[in-house]
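Quick notes on the structure that follows.
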Amino acid sequence: MPPTRTVMILGFESPEELMEYRTAAFDPELMAEFYTVPKNNLLFFIFYDLRDSVKFTENFRNPRIKAFYTISKYEIPRKGEECTEKSLQSTICFIFNNLDVSIEDDFVISFLSQYGNIRNLKDSEVAQKTIEFYSIKDARKAFSSLNGTSFGTGEIKCSWSWDIALKERIEYIRLTDAFIKKGFTCETSPVKRPKIDIPADGDKNILLKLFDQFIARNINEIEKKVKEIL
């Protein structure tokens with residue numbers, strides 16, 4: 001699967017080891033957020049910039065602790081899901097309303113590059129362009145600067161869009177759950193998913209618990225959507 005900006009780290013032998021590693025490794029300049037599954041000693045970092053996530057993962061050199069790409073708790077598919085700034089995405093749909101001229105792709109990419117490096121033009125229509133930035137920070141800058149502003153004879157409207165398509169997000173859920181199960185497999189007894197405690201300070205919602213709840217409630221809908229996509 002392609003790299004993502006969320007990295008799951010597993011293999012810690014104790015909560016103390018996880019805490020020590022998290023304290024040393026978490027960089028608020030590079031990472032938007034962290035959260036943990038305390039009893040399973042899982043740690044998640046969400047990077048602002050995809051390139052920093054890739055650099056972190058490629059330079060990971062601990063033989064016992066492993067790092068994998070996954071999706072964040074904000075990207076888990078839900079009924080009637082809506083992508084917002086809180087979803088921590090870097091993709092924006094730019095709609096150019098009431099223009100008397102067409103907008104060329106090269107012009108849009110050049111125009112938006114003033115806000116940051118662009119990773120991809122994901123969709124292009126006559127008056128609508130969906131652009132993915134490398135960095136969430138740059139996407140936020142473009143959104144706040146351009147949404148509702150005048151442009152030529154019309155105006156620009158912005159809306160957040162998902163970096164990863166539904167089908168791929170479902171596959172990341174499957175792979176993440178498989179990694180977690182493999183990490184806790186015991187040869188002498190079946191795998192039992194322990195109760196997950198939410199930290200007293202309300203640290204973060206827990207991805208693994210959300211995976212289980214989401215899959216249990218929506219397995220029929222997931223299968224239906226995957227068939228539609230395929």
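We label chains A, B, ... in the order they appear in the structure tokens, count residues from 1 in each chain, and number ligands from 1 in the order shown.
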Give one line per residue of region 14-37 of chain A that approaches region 71-89 of chain A to at most 10 Å, naming the two atoms of the closest pair and their distance in Å to one decimal, counting only C-alpha atoms; sort by chain then ascending residue number and deliver it as JSON lines.
{"residue": "A:Ala32", "atom": "CA", "partner": "A:Leu88", "partner_atom": "CA", "distance": 8.2}
{"residue": "A:Glu33", "atom": "CA", "partner": "A:Leu88", "partner_atom": "CA", "distance": 9.7}
{"residue": "A:Phe34", "atom": "CA", "partner": "A:Ser72", "partner_atom": "CA", "distance": 9.8}
{"residue": "A:Tyr35", "atom": "CA", "partner": "A:Lys73", "partner_atom": "CA", "distance": 9.5}
| message | List as a PyMOL selection string the protein and nucleic acid residues near Arg22 (chain A), meaning an atom at most 10 Å away when only C-alpha atoms are counted, but skip any in the same chain fewer than 5 places from it. | response | chain A and resi 9+16-17+27+34-36+43-45
Could you take the residues named above and write them with C-alpha atoms, as a PDB file, in the first residue's frame?
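New file out_29.pdb:
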ATOM      1  CA  ILE A   9       4.295   1.752  15.925  1.00  0.00           C
ATOM      2  CA  GLU A  16       6.753   2.839  30.214  1.00  0.00           C
ATOM      3  CA  GLU A  17       8.819   1.981  27.146  1.00  0.00           C
ATOM      4  CA  ASP A  27       7.847  16.446  17.308  1.00  0.00           C
ATOM      5  CA  PHE A  34      -0.319  11.240  18.625  1.00  0.00           C
ATOM      6  CA  TYR A  35      -2.573   8.735  20.336  1.00  0.00           C
ATOM      7  CA  THR A  36      -2.137   5.336  21.959  1.00  0.00           C
ATOM      8  CA  LEU A  43       1.431   4.269  19.329  1.00  0.00           C
ATOM      9  CA  PHE A  44       0.179   6.372  16.412  1.00  0.00           C
ATOM     10  CA  PHE A  45       1.783   9.497  14.938  1.00  0.00           C
TER      11      PHE A  45
END
Skip Cys158 (chain A) itself and residues of its chain fewer than 3 positions away, then list as a CSV table (one decimal) with C-alpha atoms, in the first residue's frame all residues within 9 Å of it, counting only C-alpha atoms.
chain,number,residue,atom,x,y,z
A,92,ILE,CA,-9.1,20.6,-1.3
A,93,CYS,CA,-11.8,20.9,-3.9
A,94,PHE,CA,-11.6,24.3,-5.5
A,95,ILE,CA,-14.8,25.5,-7.2
A,96,PHE,CA,-14.5,28.5,-9.5
A,143,PHE,CA,-8.2,27.1,2.2
A,144,SER,CA,-8.3,30.0,4.6
A,146,LEU,CA,-9.1,31.5,-0.9
A,147,ASN,CA,-12.4,30.3,0.4
A,148,GLY,CA,-15.1,32.9,-0.5
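Here CA of Arg140 (chain A) stands at a distance of 10.9 Å from CA of Ser159 (chain A).
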Can you pull out every residue within 8 Å of region 48-55 of chain A, counting only C-alpha atoms, but drop anything in the same chain fewer than 5 positions away, and send it as a PDB file with N, CA and C atoms, in the first residue's frame?
ATOM      1  N   PRO A   3       2.398   5.001   0.901  1.00  0.00           N
ATOM      2  CA  PRO A   3       2.631   5.657   2.196  1.00  0.00           C
ATOM      3  C   PRO A   3       1.461   6.559   2.574  1.00  0.00           C
ATOM      4  N   THR A   4       1.271   6.723   3.876  1.00  0.00           N
ATOM      5  CA  THR A   4       0.282   7.652   4.408  1.00  0.00           C
ATOM      6  C   THR A   4       0.969   8.542   5.433  1.00  0.00           C
ATOM      7  N   ARG A   5       0.277   9.558   5.919  1.00  0.00           N
ATOM      8  CA  ARG A   5       0.878  10.441   6.911  1.00  0.00           C
ATOM      9  C   ARG A   5       0.680   9.926   8.337  1.00  0.00           C
ATOM     10  N   THR A   6      -0.061   8.807   8.493  1.00  0.00           N
ATOM     11  CA  THR A   6      -0.239   8.203   9.816  1.00  0.00           C
ATOM     12  C   THR A   6       0.625   6.953   9.933  1.00  0.00           C
ATOM     13  N   VAL A   7       1.401   6.883  11.012  1.00  0.00           N
ATOM     14  CA  VAL A   7       2.294   5.739  11.244  1.00  0.00           C
ATOM     15  C   VAL A   7       1.903   5.063  12.554  1.00  0.00           C
ATOM     16  N   LEU A  30       6.462  18.656  13.345  1.00  0.00           N
ATOM     17  CA  LEU A  30       6.273  17.734  12.224  1.00  0.00           C
ATOM     18  C   LEU A  30       4.986  16.927  12.332  1.00  0.00           C
ATOM     19  N   MET A  31       4.525  16.722  13.563  1.00  0.00           N
ATOM     20  CA  MET A  31       3.409  15.816  13.803  1.00  0.00           C
ATOM     21  C   MET A  31       2.207  16.582  14.346  1.00  0.00           C
ATOM     22  N   ALA A  32       1.055  16.327  13.742  1.00  0.00           N
ATOM     23  CA  ALA A  32      -0.168  17.000  14.162  1.00  0.00           C
ATOM     24  C   ALA A  32      -0.709  16.419  15.455  1.00  0.00           C
ATOM     25  N   TYR A 134       1.126  18.325  -0.244  1.00  0.00           N
ATOM     26  CA  TYR A 134       1.916  17.404   0.579  1.00  0.00           C
ATOM     27  C   TYR A 134       1.647  17.627   2.061  1.00  0.00           C
ATOM     28  N   SER A 135       1.398  18.869   2.439  1.00  0.00           N
ATOM     29  CA  SER A 135       1.297  19.221   3.850  1.00  0.00           C
ATOM     30  C   SER A 135      -0.094  19.711   4.223  1.00  0.00           C
ATOM     31  N   ILE A 136      -0.590  19.262   5.364  1.00  0.00           N
ATOM     32  CA  ILE A 136      -1.849  19.749   5.901  1.00  0.00           C
ATOM     33  C   ILE A 136      -1.764  21.256   6.160  1.00  0.00           C
ATOM     34  N   LYS A 137      -0.609  21.701   6.644  1.00  0.00           N
ATOM     35  CA  LYS A 137      -0.442  23.130   6.942  1.00  0.00           C
ATOM     36  C   LYS A 137      -0.617  23.972   5.686  1.00  0.00           C
TER      37      LYS A 137
END
| Taking into account only C-alpha atoms, which residue in the set A:Asn40, A:Asn117, A:Pro15, A:Gly154 is nearest to Lys181 (chain A)? | A:Asn40
| request: Please measure the separation of CA of Asn59 (chain A) and CA of Pro38 (chain A), giving the value in Å to one decimal. | output: 24.9 Å
| Residue set, region 36-211 of chain A restricted to alpha helix (DSSP H), as number ranges by chain | A: 50-58, 105-112, 136-146, 166-183, 207-211
| Could you pull out all residues of region 36-200 of chain A with a DSSP call of strand (DSSP E or B) and give them as number ranges by chain? | A: 36-37, 42-47, 49, 66-70, 91-97, 118-124, 128-133, 135, 150-151, 154-161, 186, 189
Go ahead and write the residues just picked, N, CA and C atoms, as a compact mmCIF listing (two decimals), in the first residue's frame.
# COMPACT_ATOMS: atom_id res chain seq x y z
N THR A 36 -2.65 6.65 21.57
CA THR A 36 -2.14 5.34 21.96
C THR A 36 -3.28 4.37 22.26
N VAL A 37 -2.95 3.07 22.22
CA VAL A 37 -3.77 2.02 22.78
C VAL A 37 -2.98 1.48 23.96
N LEU A 42 0.32 0.29 21.70
CA LEU A 42 0.36 0.78 20.32
C LEU A 42 0.45 2.30 20.33
N LEU A 43 1.23 2.82 19.43
CA LEU A 43 1.43 4.27 19.33
C LEU A 43 1.18 4.71 17.90
N PHE A 44 0.48 5.83 17.73
CA PHE A 44 0.18 6.37 16.41
C PHE A 44 0.66 7.81 16.33
N PHE A 45 1.37 8.13 15.24
CA PHE A 45 1.78 9.50 14.94
C PHE A 45 1.08 9.94 13.66
N ILE A 46 0.48 11.14 13.67
CA ILE A 46 -0.07 11.73 12.45
C ILE A 46 0.82 12.89 12.05
N PHE A 47 1.45 12.80 10.89
CA PHE A 47 2.35 13.82 10.40
C PHE A 47 1.59 14.87 9.60
N ASP A 49 3.06 16.55 7.11
CA ASP A 49 3.57 16.42 5.74
C ASP A 49 3.85 14.96 5.42
N LYS A 66 8.35 -2.01 15.41
CA LYS A 66 8.06 -1.89 13.99
C LYS A 66 7.13 -0.72 13.72
N ALA A 67 7.27 -0.14 12.53
CA ALA A 67 6.44 0.99 12.12
C ALA A 67 5.74 0.65 10.81
N PHE A 68 4.44 0.94 10.75
CA PHE A 68 3.64 0.64 9.56
C PHE A 68 2.79 1.86 9.20
N TYR A 69 2.55 2.03 7.90
CA TYR A 69 1.61 3.05 7.45
C TYR A 69 0.19 2.57 7.70
N THR A 70 -0.67 3.48 8.10
CA THR A 70 -2.08 3.16 8.29
C THR A 70 -2.89 4.43 8.05
N THR A 91 -6.24 17.57 1.05
CA THR A 91 -6.86 17.67 -0.26
C THR A 91 -8.03 18.64 -0.22
N ILE A 92 -8.07 19.54 -1.20
CA ILE A 92 -9.13 20.56 -1.26
C ILE A 92 -9.76 20.55 -2.64
N CYS A 93 -11.09 20.67 -2.67
CA CYS A 93 -11.81 20.85 -3.92
C CYS A 93 -12.05 22.36 -4.10
N PHE A 94 -11.48 22.92 -5.15
CA PHE A 94 -11.64 24.33 -5.46
C PHE A 94 -12.70 24.48 -6.56
N ILE A 95 -13.75 25.21 -6.26
CA ILE A 95 -14.82 25.45 -7.23
C ILE A 95 -14.77 26.92 -7.64
N PHE A 96 -14.62 27.16 -8.93
CA PHE A 96 -14.54 28.52 -9.48
C PHE A 96 -15.92 28.88 -10.04
N ASN A 97 -16.68 29.62 -9.26
CA ASN A 97 -18.06 29.95 -9.64
C ASN A 97 -18.13 31.20 -10.51
N ILE A 118 2.53 21.05 -4.17
CA ILE A 118 1.37 20.26 -4.57
C ILE A 118 1.81 18.85 -4.93
N ARG A 119 1.12 17.89 -4.36
CA ARG A 119 1.44 16.49 -4.65
C ARG A 119 0.74 15.98 -5.90
N ASN A 120 -0.53 16.39 -6.07
CA ASN A 120 -1.30 15.77 -7.14
C ASN A 120 -2.52 16.61 -7.50
N LEU A 121 -2.84 16.66 -8.80
CA LEU A 121 -4.13 17.14 -9.26
C LEU A 121 -5.01 15.90 -9.38
N LYS A 122 -5.96 15.74 -8.47
CA LYS A 122 -6.70 14.48 -8.36
C LYS A 122 -7.94 14.44 -9.24
N ASP A 123 -8.49 15.60 -9.53
CA ASP A 123 -9.68 15.63 -10.37
C ASP A 123 -9.76 16.99 -11.04
N SER A 124 -10.17 16.99 -12.30
CA SER A 124 -10.22 18.24 -13.04
C SER A 124 -11.47 18.31 -13.89
N GLN A 128 -13.91 23.17 -11.69
CA GLN A 128 -13.66 22.52 -10.40
C GLN A 128 -12.36 21.73 -10.47
N LYS A 129 -11.46 21.98 -9.51
CA LYS A 129 -10.17 21.29 -9.47
C LYS A 129 -9.95 20.75 -8.04
N THR A 130 -9.59 19.49 -7.95
CA THR A 130 -9.30 18.89 -6.65
C THR A 130 -7.80 18.69 -6.54
N ILE A 131 -7.21 19.37 -5.56
CA ILE A 131 -5.76 19.43 -5.41
C ILE A 131 -5.34 18.82 -4.08
N GLU A 132 -4.33 17.96 -4.12
CA GLU A 132 -3.75 17.42 -2.89
C GLU A 132 -2.39 18.07 -2.64
N PHE A 133 -2.25 18.70 -1.50
CA PHE A 133 -0.95 19.24 -1.08
C PHE A 133 -0.18 18.15 -0.33
N SER A 135 1.40 18.87 2.44
CA SER A 135 1.30 19.22 3.85
C SER A 135 -0.09 19.71 4.22
N SER A 150 -12.97 36.66 -4.18
CA SER A 150 -13.25 37.00 -5.57
C SER A 150 -12.15 36.48 -6.47
N PHE A 151 -12.55 36.03 -7.67
CA PHE A 151 -11.58 35.54 -8.64
C PHE A 151 -12.13 35.85 -10.03
N GLY A 154 -15.89 35.93 -10.94
CA GLY A 154 -16.64 35.10 -9.99
C GLY A 154 -15.95 35.01 -8.64
N GLU A 155 -16.06 33.85 -8.02
CA GLU A 155 -15.45 33.64 -6.73
C GLU A 155 -15.02 32.19 -6.57
N ILE A 156 -14.18 31.94 -5.56
CA ILE A 156 -13.68 30.60 -5.27
C ILE A 156 -14.38 30.07 -4.02
N LYS A 157 -14.88 28.85 -4.12
CA LYS A 157 -15.41 28.14 -2.97
C LYS A 157 -14.56 26.89 -2.73
N CYS A 158 -14.24 26.65 -1.47
CA CYS A 158 -13.37 25.52 -1.12
C CYS A 158 -14.11 24.53 -0.23
N SER A 159 -13.81 23.27 -0.41
CA SER A 159 -14.32 22.23 0.49
C SER A 159 -13.25 21.16 0.66
N TRP A 160 -13.20 20.56 1.85
CA TRP A 160 -12.21 19.53 2.13
C TRP A 160 -12.61 18.22 1.47
N SER A 161 -11.61 17.46 1.06
CA SER A 161 -11.85 16.17 0.43
C SER A 161 -10.86 15.14 1.00
N CYS A 186 -0.60 -15.70 20.24
CA CYS A 186 0.10 -16.57 21.18
C CYS A 186 -0.10 -18.01 20.72
N SER A 189 -2.50 -20.20 23.06
CA SER A 189 -3.88 -19.79 23.34
C SER A 189 -4.39 -18.91 22.22
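The gap separating CA of Thr153 (chain A) from CA of Asn98 (chain A) is 6.5 Å, in Å to one decimal.
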| message | Residues within 10 Å of Arg64 (chain A), please, as a ChimeraX atom specification. Count only C-alpha atoms; anything in the same chain fewer than 2 positions from it doesn't count. | response | /A:10-13,61-62,66
Selection from above, N, CA and C atoms, as a PDB file, in the first residue's frame, can you write it?
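Result file follows (part.pdb):
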ATOM      1  N   LEU A  10       4.370  -0.509  16.818  1.00  0.00           N
ATOM      2  CA  LEU A  10       4.045  -1.548  17.775  1.00  0.00           C
ATOM      3  C   LEU A  10       5.282  -2.373  18.106  1.00  0.00           C
ATOM      4  N   GLY A  11       5.220  -3.094  19.218  1.00  0.00           N
ATOM      5  CA  GLY A  11       6.348  -3.902  19.664  1.00  0.00           C
ATOM      6  C   GLY A  11       6.910  -3.455  21.000  1.00  0.00           C
ATOM      7  N   PHE A  12       6.319  -2.426  21.592  1.00  0.00           N
ATOM      8  CA  PHE A  12       6.788  -1.977  22.905  1.00  0.00           C
ATOM      9  C   PHE A  12       6.459  -3.046  23.949  1.00  0.00           C
ATOM     10  N   GLU A  13       7.385  -3.271  24.867  1.00  0.00           N
ATOM     11  CA  GLU A  13       7.198  -4.305  25.880  1.00  0.00           C
ATOM     12  C   GLU A  13       6.436  -3.813  27.098  1.00  0.00           C
ATOM     13  N   ARG A  61      14.929   2.293  12.482  1.00  0.00           N
ATOM     14  CA  ARG A  61      15.990   1.290  12.568  1.00  0.00           C
ATOM     15  C   ARG A  61      15.965   0.481  13.863  1.00  0.00           C
ATOM     16  N   ASN A  62      14.805   0.301  14.457  1.00  0.00           N
ATOM     17  CA  ASN A  62      14.706  -0.503  15.671  1.00  0.00           C
ATOM     18  C   ASN A  62      14.328  -1.928  15.279  1.00  0.00           C
ATOM     19  N   LYS A  66       8.351  -2.013  15.412  1.00  0.00           N
ATOM     20  CA  LYS A  66       8.064  -1.893  13.986  1.00  0.00           C
ATOM     21  C   LYS A  66       7.127  -0.724  13.719  1.00  0.00           C
TER      22      LYS A  66
END
